file run.txt (compact mmCIF, C-alpha atoms)
# COMPACT_ATOMS: atom_id res chain seq x y z
CA MET A 756 130.79 91.96 110.91
CA LYS A 757 127.27 93.04 111.88
CA GLN A 758 127.89 96.48 110.41
CA ARG A 759 129.02 95.00 107.09
CA GLY A 760 125.96 92.74 107.13
CA ARG A 761 123.70 95.75 107.49
CA HIS A 762 125.46 97.44 104.57
CA ARG A 763 124.95 94.33 102.45
CA ARG A 764 121.24 94.26 103.33
CA ARG A 765 120.91 97.96 102.48
CA ARG A 766 122.66 97.46 99.14
CA ARG A 767 120.42 94.49 98.42
CA GLY A 768 117.36 96.56 99.35
CA ARG A 769 118.43 99.36 97.00
CA ALA A 770 119.08 96.83 94.25
CA ALA A 771 115.65 95.28 94.78
CA ARG A 772 113.93 98.66 94.57
CA ALA A 773 115.84 99.54 91.41
CA PHE A 774 114.97 96.12 90.02
CA LEU A 775 111.28 96.67 90.76
CA ALA A 776 111.40 100.02 89.01
CA GLY A 777 112.93 98.35 85.97
CA THR A 778 110.37 95.55 86.18
CA ALA A 779 107.55 98.10 86.21
CA LEU A 780 108.93 99.68 83.03
CA ALA A 781 109.23 96.27 81.39
CA LEU A 782 105.70 95.35 82.39
CA THR A 783 104.42 98.66 81.07
CA ALA A 784 106.07 97.90 77.76
CA ALA A 785 104.55 94.43 77.80
CA ALA A 786 101.14 95.94 78.56
CA THR A 787 101.22 97.77 75.24
CA MET A 788 100.91 94.33 73.65
CA ILE A 789 97.60 93.67 75.42
CA SER A 790 94.86 94.41 72.91
CA ALA A 791 91.63 96.17 73.77
CA SER A 792 89.88 92.80 73.61
CA GLN A 793 92.00 91.61 76.52
CA ALA A 794 91.10 94.52 78.78
CA THR A 795 89.14 93.25 81.78
CA VAL A 796 86.81 96.26 81.85
CA THR A 797 86.56 98.77 79.02
CA GLY A 798 84.04 101.13 80.60
CA SER A 799 83.60 102.62 84.06
CA PRO A 800 81.24 100.75 86.42
CA GLY A 801 80.06 104.11 87.75
CA ALA A 802 79.05 104.87 91.31
CA LEU A 803 78.15 102.39 94.00
CA LYS A 804 74.43 101.92 94.62
CA PRO A 805 73.40 101.89 98.32
CA LEU A 806 71.26 98.92 99.40
CA THR A 807 68.76 99.95 102.07
CA ALA A 808 65.71 97.73 101.56
CA ALA A 809 65.08 95.26 104.37
CA ALA A 810 65.11 92.34 101.94
CA ASP A 811 68.61 93.34 100.82
CA THR A 812 70.11 93.88 104.27
CA ASP A 813 68.42 90.89 105.95
CA ALA A 814 70.12 88.58 103.44
CA LEU A 815 73.50 89.74 104.78
CA ARG A 816 72.79 88.61 108.35
CA LEU A 817 75.22 86.20 110.03
CA THR A 818 74.76 84.00 113.09
CA GLU A 819 77.66 83.49 115.49
CA GLU A 820 78.25 79.98 116.84
CA PRO A 821 81.10 79.68 119.38
CA VAL A 822 82.91 76.39 119.73
CA PRO A 823 81.99 75.15 123.23
CA GLN A 824 84.62 76.17 125.76
CA ALA A 825 84.74 72.63 127.12
CA ALA A 826 85.74 71.34 123.67
CA LEU A 827 88.46 73.97 123.34
CA ASP A 828 89.80 73.20 126.81
CA ARG A 829 89.83 69.45 126.13
CA LEU A 830 91.65 69.90 122.82
CA SER A 831 94.15 72.32 124.35
CA ALA A 832 94.89 69.86 127.14
CA GLU A 833 95.54 67.14 124.56
CA LEU A 834 97.66 69.30 122.24
CA GLY A 835 99.70 70.89 125.00
CA PRO A 836 100.14 74.55 125.95
CA PRO A 837 99.83 77.06 123.12
CA VAL A 838 102.90 78.94 121.93
CA GLY A 839 103.11 82.64 121.10
CA VAL A 840 103.44 84.06 117.61
CA GLY A 841 106.92 85.24 118.57
CA THR A 842 107.96 81.65 119.29
CA VAL A 843 106.58 80.53 115.92
CA LEU A 844 108.50 83.26 114.10
CA GLY A 845 111.67 82.53 116.04
CA GLY A 846 111.82 79.04 114.52
CA ALA A 847 110.81 80.05 110.99
CA GLU A 848 112.89 78.14 108.43
CA GLY A 849 111.39 79.13 105.08
CA VAL A 850 112.83 82.18 103.34
CA LEU A 851 110.99 84.24 100.74
CA ARG A 852 113.03 85.13 97.67
CA ASP A 853 113.57 88.82 97.06
CA SER A 854 112.30 90.34 93.82
CA VAL A 855 115.74 90.14 92.20
CA ASP A 856 115.56 86.35 92.54
CA CYS A 857 112.01 85.95 91.21
CA THR A 858 111.53 84.31 87.83
CA PRO A 859 110.14 86.26 84.84
CA ALA A 860 106.83 84.38 85.22
CA GLU A 861 106.64 85.37 88.89
CA ARG A 862 107.44 89.00 88.10
CA ALA A 863 104.61 88.97 85.54
CA GLU A 864 102.25 88.63 88.52
CA LEU A 865 103.12 92.19 89.61
CA PRO A 866 100.92 95.18 88.74
CA VAL A 867 101.90 97.35 85.77
CA SER A 868 100.38 100.48 87.29
CA PRO A 869 100.70 101.40 90.05
CA ALA A 870 104.00 99.58 90.49
CA ALA A 871 104.85 97.48 93.55
CA SER A 872 107.38 98.98 95.95
CA ARG A 873 108.38 95.58 97.36
CA ALA A 874 107.98 92.06 96.03
CA TYR A 875 108.88 88.55 97.18
CA CYS A 876 108.38 85.09 95.76
CA TRP A 877 107.54 81.82 97.47
CA GLY A 878 109.60 78.70 96.96
CA THR A 879 108.19 75.85 94.90
CA ASP A 880 109.16 72.96 97.21
CA ASP A 881 106.71 73.73 100.01
CA THR A 882 104.01 75.40 97.87
CA ARG A 883 103.76 72.82 95.08
CA GLY A 884 100.19 71.52 95.00
CA TRP A 885 98.92 74.52 97.01
CA GLN A 886 96.90 77.48 95.74
CA PRO A 887 97.60 80.96 97.17
CA GLY A 888 94.78 83.08 98.54
CA ALA A 889 94.33 85.91 101.03
CA VAL A 890 96.80 88.11 102.88
CA THR A 891 96.49 89.96 106.19
CA THR A 892 99.13 91.57 108.41
CA SER A 893 99.85 92.79 111.92
CA GLY A 894 98.80 96.18 110.52
CA ASP A 895 95.28 94.75 110.67
CA ALA A 896 95.86 93.16 114.07
CA ASP A 897 96.88 96.34 115.89
CA ASP A 898 96.92 99.99 114.94
CA ASP A 899 100.66 100.29 115.66
CA GLY A 900 101.34 97.71 112.94
CA LEU A 901 102.95 95.25 115.37
CA TRP A 902 101.93 92.07 117.15
CA GLY A 903 103.88 92.50 120.35
CA ALA A 904 107.36 93.33 119.10
CA HIS A 905 106.86 91.68 115.71
CA ARG A 906 105.80 92.84 112.28
CA VAL A 907 103.98 89.91 110.65
CA VAL A 908 102.38 88.98 107.34
CA LEU A 909 99.94 86.05 107.16
CA SER A 910 99.48 84.35 103.80
CA GLY A 911 96.64 81.88 103.17
CA TRP A 912 96.93 78.76 100.99
CA SER A 913 94.71 75.78 100.14
CA ARG A 914 95.56 72.30 98.91
CA SER A 915 94.80 72.07 95.18
CA THR A 916 96.16 68.60 94.29
CA GLY A 917 96.63 65.21 95.90
CA PRO A 918 94.11 62.69 97.22
CA THR A 919 90.50 63.84 97.43
CA ALA A 920 90.61 63.88 101.23
CA GLU A 921 93.43 66.46 101.13
CA ARG A 922 92.00 68.86 98.58
CA GLY A 923 90.85 72.17 99.98
CA LEU A 924 92.80 71.88 103.24
CA ALA A 925 93.70 75.37 104.42
CA ARG A 926 96.90 76.63 106.00
CA ILE A 927 98.63 79.92 106.64
CA ALA A 928 102.23 81.02 106.43
CA LEU A 929 103.32 83.20 109.34
CA VAL A 930 105.94 85.53 107.86
CA ASP A 931 108.42 87.45 110.01
CA ALA A 932 108.45 90.86 108.30
CA GLY A 933 110.69 92.53 110.86
CA ASP A 934 113.58 92.52 108.37
CA LEU A 935 112.11 93.29 104.95
CA ASP A 936 115.38 92.21 103.33
CA ARG A 937 115.04 88.71 104.79
CA MET A 938 111.45 87.54 105.14
CA ARG A 939 111.23 84.17 106.92
CA TYR A 940 108.12 82.03 107.41
CA THR A 941 106.66 78.83 108.81
CA TRP A 942 103.33 77.00 108.29
CA ALA A 943 100.28 76.43 110.49
CA LEU A 944 97.27 74.30 109.54
CA LEU A 945 93.79 75.78 110.08
CA ALA A 946 91.63 73.20 111.86
CA VAL A 947 88.16 72.71 113.32
CA PRO A 948 87.61 70.83 116.64
CA VAL A 949 85.41 67.72 116.36
CA ASP A 950 84.09 65.05 118.74
CA GLY A 951 83.83 67.47 121.62
CA GLY A 952 87.48 68.51 121.34
CA ARG A 953 88.86 64.98 121.26
CA ASP A 954 90.15 65.49 117.73
CA PHE A 955 90.30 68.05 114.91
CA ARG A 956 89.77 68.04 111.17
CA GLY A 957 91.29 70.38 108.62
CA LEU A 958 89.36 73.46 107.51
CA VAL A 959 88.28 73.11 103.90
CA SER A 960 88.50 76.56 102.35
CA HIS A 961 90.14 78.34 99.46
CA VAL A 962 91.04 81.12 101.96
CA SER A 963 90.09 83.83 99.48
CA GLY A 964 89.55 86.28 102.35
CA MET A 965 91.26 86.70 105.71
CA VAL A 966 91.50 89.41 108.40
CA TRP A 967 93.62 89.38 111.56
CA TYR A 968 92.01 91.76 114.05
CA GLN A 969 93.29 91.97 117.62
CA ASN A 970 93.81 88.34 118.67
CA LYS A 971 91.32 86.85 116.16
CA LEU A 972 91.83 85.63 112.62
CA LEU A 973 88.65 85.59 110.51
CA VAL A 974 88.82 83.35 107.43
CA THR A 975 86.33 82.90 104.59
CA ALA A 976 84.91 79.39 104.34
CA ASP A 977 83.91 77.14 101.46
CA GLU A 978 81.99 74.80 103.73
CA GLY A 979 78.71 73.39 102.42
CA ASP A 980 76.98 73.82 105.80
CA GLY A 981 76.30 77.53 105.47
CA ALA A 982 79.56 78.60 107.11
CA ALA A 983 80.64 82.08 106.03
CA LEU A 984 83.61 82.78 108.29
CA TYR A 985 85.68 80.68 110.68
CA VAL A 986 87.36 82.39 113.63
CA TYR A 987 90.78 81.52 115.05
CA ASP A 988 92.53 82.76 118.18
CA MET A 989 96.14 83.78 117.53
CA ASN A 990 96.83 83.04 121.21
CA ARG A 991 95.91 79.39 120.56
CA VAL A 992 98.71 78.29 118.24
CA HIS A 993 99.71 74.71 119.08
CA ARG A 994 102.64 72.57 118.00
CA ALA A 995 102.05 69.51 115.85
CA THR A 996 103.85 66.65 117.61
CA VAL A 997 104.02 64.18 114.73
CA ALA A 998 105.37 64.95 111.26
CA GLY A 999 103.25 63.50 108.47
CA GLU A 1000 100.47 64.02 105.96
CA ALA A 1001 97.63 63.00 108.29
CA VAL A 1002 95.37 65.53 110.01
CA GLY A 1003 94.37 65.24 113.66
CA ARG A 1004 95.03 62.57 116.25
CA VAL A 1005 97.47 59.88 115.11
CA PRO A 1006 99.44 57.18 116.94
CA GLY A 1007 101.97 59.02 119.08
CA GLY A 1008 100.37 62.46 119.00
CA TRP A 1009 98.96 65.03 116.59
CA SER A 1010 99.64 65.67 112.90
CA ALA A 1011 98.93 68.83 110.87
CA HIS A 1012 99.50 67.67 107.27
CA GLY A 1013 103.17 68.58 107.30
CA ALA A 1014 102.77 71.93 109.08
CA ARG A 1015 104.68 72.52 112.29
CA TYR A 1016 101.74 74.23 113.98
CA VAL A 1017 97.95 74.06 114.10
CA LEU A 1018 95.23 76.60 114.94
CA PRO A 1019 91.86 75.20 116.09
CA ALA A 1020 88.78 77.32 115.29
CA VAL A 1021 87.03 78.99 118.23
CA ALA A 1022 83.84 80.12 116.44
CA VAL A 1023 82.00 80.10 113.13
CA TYR A 1024 79.66 82.62 111.47
CA ARG A 1025 76.89 81.17 109.30
CA THR A 1026 74.89 82.90 106.58
CA ALA A 1027 71.18 83.64 106.79
CA GLY A 1028 70.61 80.94 104.20
CA GLY A 1029 68.41 81.04 101.14
CA ALA A 1030 69.11 82.01 97.55
CA ALA A 1031 69.44 85.72 98.39
CA ALA A 1032 72.17 85.23 101.00
CA PRO A 1033 75.59 86.11 99.55
CA HIS A 1034 78.66 84.17 100.53
CA PRO A 1035 81.52 86.51 101.55
CA ALA A 1036 84.32 85.57 99.19
CA THR A 1037 86.72 88.34 100.18
CA VAL A 1038 87.13 90.39 103.37
CA SER A 1039 89.36 93.15 104.71
CA LEU A 1040 89.57 95.60 107.62
CA ASP A 1041 88.56 99.26 107.58
CA ARG A 1042 90.04 101.28 110.46
CA SER A 1043 88.69 104.58 109.11
CA THR A 1044 85.21 103.87 110.55
CA THR A 1045 83.98 104.06 114.15
CA PRO A 1046 83.95 101.32 115.28
CA ASP A 1047 86.38 99.47 113.03
CA THR A 1048 84.55 97.34 110.48
CA LEU A 1049 85.03 94.13 108.55
CA VAL A 1050 84.21 94.75 104.89
CA ALA A 1051 83.12 91.93 102.60
CA GLY A 1052 82.41 91.31 98.96
CA GLU A 1053 80.76 88.49 97.06
CA TRP A 1054 82.08 86.77 93.96
CA THR A 1055 79.88 86.84 90.87
CA LEU A 1056 80.45 85.30 87.47
CA ASP A 1057 82.52 87.41 85.12
CA GLY A 1058 80.19 89.17 82.71
CA SER A 1059 76.99 88.16 84.54
CA ASP A 1060 73.92 90.41 84.63
CA THR A 1061 74.28 91.12 88.36
CA GLY A 1062 77.16 93.01 89.91
CA ALA A 1063 78.75 92.22 93.27
CA ARG A 1064 77.33 93.21 96.63
CA LEU A 1065 79.68 94.92 99.08
CA TRP A 1066 78.92 95.32 102.77
CA ARG A 1067 80.39 95.77 106.23
CA TYR A 1068 79.96 94.48 109.79
CA ALA A 1069 80.93 96.36 112.95
CA LEU A 1070 83.63 94.77 115.09
CA ASP A 1071 82.82 94.34 118.76
CA ARG A 1072 84.44 96.45 121.46
CA GLY A 1073 82.75 94.76 124.43
CA PRO A 1074 84.55 92.87 127.21
CA GLY A 1075 85.69 89.42 126.15
CA ARG A 1076 84.66 90.11 122.55
CA ALA A 1077 88.00 91.18 121.09
CA GLY A 1078 88.18 90.46 117.37
CA LEU A 1079 84.58 89.24 117.03
CA LEU A 1080 81.72 90.80 115.08
CA HIS A 1081 79.18 92.94 116.92
CA GLY A 1082 75.81 91.21 117.26
CA ASP A 1083 72.77 91.03 119.48
CA GLY A 1084 72.17 88.77 122.46
CA ALA A 1085 71.12 85.92 120.16
CA GLY A 1086 74.35 86.07 118.16
CA GLN A 1087 72.72 87.74 115.15
CA VAL A 1088 75.13 90.02 113.25
CA ARG A 1089 73.69 92.56 110.82
CA ALA A 1090 75.43 94.56 108.14
CA THR A 1091 75.86 98.24 108.97
CA GLN A 1092 76.19 99.33 105.33
CA ALA A 1093 75.72 97.69 101.94
CA TYR A 1094 76.19 98.58 98.27
CA ARG A 1095 75.78 97.07 94.85
CA SER A 1096 78.59 97.53 92.32
CA LYS A 1097 78.14 97.07 88.59
CA LEU A 1098 81.43 95.15 88.58
CA THR A 1099 81.25 91.39 88.15
CA GLY A 1100 83.95 88.90 88.95
CA VAL A 1101 85.16 90.94 91.94
CA ARG A 1102 88.00 89.14 93.75
CA GLY A 1103 89.61 91.46 96.31
CA VAL A 1104 88.00 94.29 98.28
CA LEU A 1105 89.35 97.06 100.48
CA ALA A 1106 87.55 100.10 101.95
CA TYR A 1107 89.08 103.23 103.46
CA HIS A 1108 87.61 106.69 104.09
CA GLY A 1109 84.54 106.00 101.96
CA ALA A 1110 86.40 104.63 98.93
CA TRP A 1111 86.15 100.97 97.90
CA TYR A 1112 89.01 99.31 96.02
CA LEU A 1113 87.92 96.30 93.97
CA THR A 1114 90.13 93.91 92.04
CA ARG A 1115 89.06 91.79 89.08
CA ALA A 1116 91.00 88.87 87.66
CA ALA A 1117 92.41 88.79 84.13
CA SER A 1118 89.74 87.80 81.63
CA GLU A 1119 92.04 85.33 79.89
CA ASP A 1120 95.36 83.56 80.35
CA GLY A 1121 98.27 85.92 79.85
CA GLY A 1122 96.13 88.97 80.49
CA ARG A 1123 96.08 91.37 83.41
CA GLY A 1124 93.55 92.20 86.09
CA THR A 1125 91.96 95.52 87.00
CA LEU A 1126 91.85 97.56 90.21
CA TRP A 1127 88.96 100.02 90.47
CA ARG A 1128 88.54 102.78 93.07
CA GLN A 1129 84.79 103.12 93.47
CA ASP A 1130 82.59 105.26 95.72
CA ALA A 1131 79.20 106.96 95.78
CA GLN A 1132 80.33 109.49 93.15
CA GLY A 1133 81.87 107.23 90.52
CA ALA A 1134 84.78 104.91 89.69
CA ARG A 1135 88.37 105.32 88.55
CA ALA A 1136 91.20 103.02 87.54
CA ALA A 1137 94.75 103.32 86.24
CA ARG A 1138 95.43 103.35 82.50
CA CYS A 1139 98.40 101.68 80.84
CA GLY A 1140 99.65 100.47 77.48
CA ALA A 1141 99.34 101.90 73.99
CA ASP A 1142 95.61 101.12 73.92
CA ASP A 1143 95.01 103.01 77.20
CA SER A 1144 93.78 99.79 78.80
CA ARG A 1145 92.42 99.66 82.34
CA ALA A 1146 93.91 96.16 82.70
CA CYS A 1147 96.97 97.30 84.63
CA TRP A 1148 96.73 95.27 87.83
CA SER A 1149 98.08 91.83 88.74
CA PRO A 1150 96.40 88.85 87.03
CA LEU A 1151 94.70 87.46 90.16
CA THR A 1152 94.59 89.28 93.50
CA GLU A 1153 92.01 87.80 95.85
CA SER A 1154 92.52 90.05 98.84
CA LEU A 1155 93.98 93.40 99.85
CA SER A 1156 95.28 94.30 103.31
CA TYR A 1157 95.96 97.91 104.30
CA GLY A 1158 98.10 98.98 107.25
CA ALA A 1159 97.14 102.53 108.22
CA GLU A 1160 100.34 103.00 110.23
CA SER A 1161 102.56 102.31 107.22
CA GLY A 1162 100.23 103.39 104.41
CA GLU A 1163 101.05 100.12 102.61
CA VAL A 1164 98.71 97.68 100.88
CA TRP A 1165 99.76 94.02 100.80
CA ALA A 1166 98.51 91.49 98.27
CA GLN A 1167 99.62 88.37 96.47
CA SER A 1168 99.09 86.93 93.01
CA GLY A 1169 100.33 83.47 92.18
CA ARG A 1170 103.58 82.84 94.07
CA THR A 1171 104.33 86.58 94.25
CA LEU A 1172 103.74 88.58 97.44
CA PHE A 1173 103.96 92.36 97.05
CA SER A 1174 103.18 95.70 98.65
CA LEU A 1175 102.69 99.29 97.52
CA PRO A 1176 101.43 102.55 99.06
CA LEU A 1177 97.67 103.14 99.02
CA ALA A 1178 98.53 106.70 97.99
CA SER A 1179 100.05 105.40 94.76
CA ILE A 1180 96.82 103.53 93.97
CA ASP A 1181 94.88 106.78 94.47
CA ARG A 1182 97.33 108.77 92.32
CA SER A 1183 97.24 106.26 89.47
CA ALA A 1184 93.43 106.11 89.31
CA GLU A 1185 91.93 108.55 86.79
call {"tool": "encode", "arguments": {"input": "run.txt", "output": "structure tokens"}}
result
Amino acid sequence: MKQRGRHRRRRRGRAARAFLAGTALALTAAATMISASQATVTGSPGALKPLTAAADTDALRLTEEPVPQAALDRLSAELGPPVGVGTVLGGAEGVLRDSVDCTPAERAELPVSPAASRAYCWGTDDTRGWQPGAVTTSGDADDDGLWGAHRVVLSGWSRSTGPTAERGLARIALVDAGDLDRMRYTWALLAVPVDGGRDFRGLVSHVSGMVWYQNKLLVTADEGDGAALYVYDMNRVHRATVAGEAVGRVPGGWSAHGARYVLPAVAVYRTAGGAAAPHPATVSLDRSTTPDTLVAGEWTLDGSDTGARLWRYALDRGPGRAGLLHGDGAGQVRATQAYRSKLTGVRGVLAYHGAWYLTRAASEDGGRGTLWRQDAQGARAARCGADDSRACWSPLTESLSYGAESGEVWAQSGRTLFSLPLASIDRSAE
């Protein structure tokens, strides 16, 4: 029976890949209907401009603020012992739909060129009222692509409807990607300890950027208190003991707004403040540098006079600093490299071997986004459609995650999660 099951999964995998190839052809045909006026960018943004002036680099400074250990210990004692990621995945009940089961609207979220090699769609029951955001994987967490024995994808979401108190709440889906023909997931709420660890509140963030590095998860923040990134420890995943919509301590235990698990923040990085300080809207990991670096990009208004700034921070390799940014003794973290791009409206950013990959959202409903490969020499992007448009990417991709061990880039747009080789992005850019 197990052997026949494997054959069925292989046949389904082949069918899905054939379906994706057909979908790419259909999307290419559809792209010919996108007029030149719908193209997100009609001209090349050119080369990246290095930022070296002190005024430019000082604005990128972050300050690290750890959550007091006593507060973490108190909260952990109240919540109960943490569980491992493997335990979380072992009880995953949600199942992502394979590409063959996605709706036409969901398939329209896929890139035209380069085409996705794998695609999955989220269910509507447990994502209704939630807005998708960033993606990171165990390929970021460890260079062998695994977290322990598990291959994992993390998908960020934020509450977009409901009572005012619930809007903006952030959660992640932990996806078991060990069997790519059956991707299962479960939810964990992102939280922030309060009252000295006697309670927690929900993180309020769109989760437009997220990186899992070693045992830490770094998440972009929408907080109004100058928070740039919140840090979570993947070894501190706790069970919610009470099912319900509340967040934090409730009669009889702890509630995580319907999620089965909760992650309390262990640190926060705050911006330098002031009008010149950019807010990192998207982040990713670059393992091609020494040391590994966290790369970041800011969001600017589409069509504004000022293009986006792109920069990077070194990740710490010191004892007890796994997954944190490298700073000085006062917790000051400075950018190790910074650029200005002429692109506006940048959503997702990825850097690898000196090249920066920048996504822009569709300029109008029903249009397509753009993916540019930009470096110090110039910029390139795929062309598609009868009008040779550069608008060939998914409509809205807010983050990109690259696993060097697999060569795959993961992203999501709408309710569609997909992957494709970085090499295909390079080949398609011209």
call {"tool": "closest_residue", "arguments": {"input": "run.txt", "among": "A:Gly1121, A:Trp1148, A:Arg1170, A:Lys1097", "to": "Gly798 of chain A", "atoms": "only C-alpha atoms"}}
result
A:Lys1097
call {"tool": "residues_near_point", "arguments": {"input": "run.txt", "point": "(74.5, 96.2, 103.2)", "cutoff": "6 Å", "atoms": "only C-alpha atoms", "output": "PDB file with C-alpha atoms, in the frame of the given file"}}
result
ATOM      1  CA  LEU A 806      71.260  98.920  99.400  1.00  0.00           C
ATOM      2  CA  THR A 812      70.110  93.880 104.270  1.00  0.00           C
ATOM      3  CA  TRP A1066      78.920  95.320 102.770  1.00  0.00           C
ATOM      4  CA  ALA A1090      75.430  94.560 108.140  1.00  0.00           C
ATOM      5  CA  GLN A1092      76.190  99.330 105.330  1.00  0.00           C
ATOM      6  CA  ALA A1093      75.720  97.690 101.940  1.00  0.00           C
ATOM      7  CA  TYR A1094      76.190  98.580  98.270  1.00  0.00           C
TER       8      TYR A1094
END
call {"tool": "residues_around", "arguments": {"input": "run.txt", "residues": "segment 849-857 of chain A", "least_positions_apart": "4", "cutoff": "6 Å", "atoms": "all atoms listed in the file", "output": "ChimeraX atom specification"}}
result
/A:771,861,874-877,938-940
call {"tool": "write_last_selection", "arguments": {"input": "run.txt", "atoms": "C-alpha atoms", "output": "compact mmCIF listing (two decimals), in the frame of the given file"}}
result
# COMPACT_ATOMS: atom_id res chain seq x y z
CA ALA A 771 115.65 95.28 94.78
CA GLU A 861 106.64 85.37 88.89
CA ALA A 874 107.98 92.06 96.03
CA TYR A 875 108.88 88.55 97.18
CA CYS A 876 108.38 85.09 95.76
CA TRP A 877 107.54 81.82 97.47
CA MET A 938 111.45 87.54 105.14
CA ARG A 939 111.23 84.17 106.92
CA TYR A 940 108.12 82.03 107.41
call {"tool": "closest_atom_pairs", "arguments": {"input": "run.txt", "of": "segment 788-850 of chain A", "to": "segment 943-962 of chain A", "cutoff": "8 Å", "atoms": "all atoms listed in the file", "output": "CSV"}}
result
residue,atom,partner,partner_atom,distance
A:Val822,CA,A:Pro948,CA,7.9
A:Ala825,CA,A:Gly951,CA,7.6
A:Ala826,CA,A:Gly952,CA,4.1
A:Leu827,CA,A:Gly952,CA,5.9
A:Asp828,CA,A:Gly952,CA,7.6
A:Arg829,CA,A:Gly952,CA,5.4
A:Leu830,CA,A:Gly952,CA,4.6
A:Glu833,CA,A:Arg953,CA,7.8
call {"tool": "closest_residue", "arguments": {"input": "run.txt", "among": "A:Arg1102, A:Arg1042, A:Arg1138, A:His1012", "to": "Gln1167 of chain A", "atoms": "only C-alpha atoms"}}
result
A:Arg1102
call {"tool": "residues_around", "arguments": {"input": "run.txt", "residues": "segment 965-968 of chain A", "least_positions_apart": "4", "cutoff": "7 Å", "atoms": "all atoms listed in the file", "output": "PyMOL selection string"}}
result
chain A and resi 889-892+895-897+972-975+1038-1040+1078
call {"tool": "closest_residue", "arguments": {"input": "run.txt", "among": "A:Glu848, A:Gly894, A:Ser1161, A:Pro869", "to": "Ser1179 of chain A", "atoms": "all atoms listed in the file"}}
result
A:Pro869
call {"tool": "residues_around", "arguments": {"input": "run.txt", "residues": "His1034 of chain A", "least_positions_apart": "6", "cutoff": "8 Å", "atoms": "all atoms listed in the file", "output": "ChimeraX atom specification"}}
result
/A:983,1026,1053-1054
call {"tool": "atom_distance", "arguments": {"input": "run.txt", "atom1": "atom CA of Ala1014 of chain A", "atom2": "atom CA of Gly911 of chain A"}}
result
13.1 Å
call {"tool": "closest_residue", "arguments": {"input": "run.txt", "among": "A:Asp899, A:Glu1153, A:Asp931, A:Asp1071", "to": "Ala847 of chain A", "atoms": "all atoms listed in the file"}}
result
A:Asp931
call {"tool": "atom_distance", "arguments": {"input": "run.txt", "atom1": "atom CA of Ala982 of chain A", "atom2": "atom CA of Thr818 of chain A"}}
result
9.4 Å
call {"tool": "closest_residue", "arguments": {"input": "run.txt", "among": "A:Ala920, A:Ile927, A:Ala1069, A:Ala1106", "to": "Gly888 of chain A", "atoms": "all atoms listed in the file"}}
result
A:Ile927
call {"tool": "closest_residue", "arguments": {"input": "run.txt", "among": "A:Cys1147, A:Ala1077, A:Leu815, A:Ala1136", "to": "Gln969 of chain A", "atoms": "all atoms listed in the file"}}
result
A:Ala1077
call {"tool": "atom_distance", "arguments": {"input": "run.txt", "atom1": "atom CA of Cys1139 of chain A", "atom2": "atom CA of Ser868 of chain A"}}
result
6.9 Å
call {"tool": "axis_aligned_box", "arguments": {"input": "run.txt", "around": "segment 950-957 of chain A", "padding_each_side": "3 Å", "output": "JSON"}}
result
{"center_x": 87.6, "center_y": 67.7, "center_z": 115.1, "size_x": 13.5, "size_y": 11.4, "size_z": 19.0}
call {"tool": "residues_around", "arguments": {"input": "run.txt", "residues": "segment 1124-1128 of chain A", "least_positions_apart": "4", "cutoff": "8 Å", "atoms": "only C-alpha atoms", "output": "PDB file with C-alpha atoms, in the coordinates of the input"}}
result
ATOM      1  CA  THR A 795      89.140  93.250  81.780  1.00  0.00           C
ATOM      2  CA  VAL A 796      86.810  96.260  81.850  1.00  0.00           C
ATOM      3  CA  ALA A1110      86.400 104.630  98.930  1.00  0.00           C
ATOM      4  CA  TRP A1111      86.150 100.970  97.900  1.00  0.00           C
ATOM      5  CA  TYR A1112      89.010  99.310  96.020  1.00  0.00           C
ATOM      6  CA  LEU A1113      87.920  96.300  93.970  1.00  0.00           C
ATOM      7  CA  THR A1114      90.130  93.910  92.040  1.00  0.00           C
ATOM      8  CA  ARG A1115      89.060  91.790  89.080  1.00  0.00           C
ATOM      9  CA  ALA A1116      91.000  88.870  87.660  1.00  0.00           C
ATOM     10  CA  ALA A1117      92.410  88.790  84.130  1.00  0.00           C
ATOM     11  CA  SER A1118      89.740  87.800  81.630  1.00  0.00           C
ATOM     12  CA  ALA A1134      84.780 104.910  89.690  1.00  0.00           C
ATOM     13  CA  ARG A1135      88.370 105.320  88.550  1.00  0.00           C
ATOM     14  CA  ALA A1136      91.200 103.020  87.540  1.00  0.00           C
ATOM     15  CA  ALA A1137      94.750 103.320  86.240  1.00  0.00           C
ATOM     16  CA  ARG A1145      92.420  99.660  82.340  1.00  0.00           C
ATOM     17  CA  ALA A1146      93.910  96.160  82.700  1.00  0.00           C
ATOM     18  CA  CYS A1147      96.970  97.300  84.630  1.00  0.00           C
ATOM     19  CA  TRP A1148      96.730  95.270  87.830  1.00  0.00           C
ATOM     20  CA  SER A1149      98.080  91.830  88.740  1.00  0.00           C
ATOM     21  CA  PRO A1150      96.400  88.850  87.030  1.00  0.00           C
ATOM     22  CA  LEU A1151      94.700  87.460  90.160  1.00  0.00           C
ATOM     23  CA  ASP A1181      94.880 106.780  94.470  1.00  0.00           C
ATOM     24  CA  ALA A1184      93.430 106.110  89.310  1.00  0.00           C
TER      25      ALA A1184
END
call {"tool": "residues_around", "arguments": {"input": "run.txt", "residues": "Leu1056 of chain A", "least_positions_apart": "5", "cutoff": "9 Å", "atoms": "all atoms listed in the file", "output": "PyMOL selection string"}}
result
chain A and resi 1061-1062+1099-1101
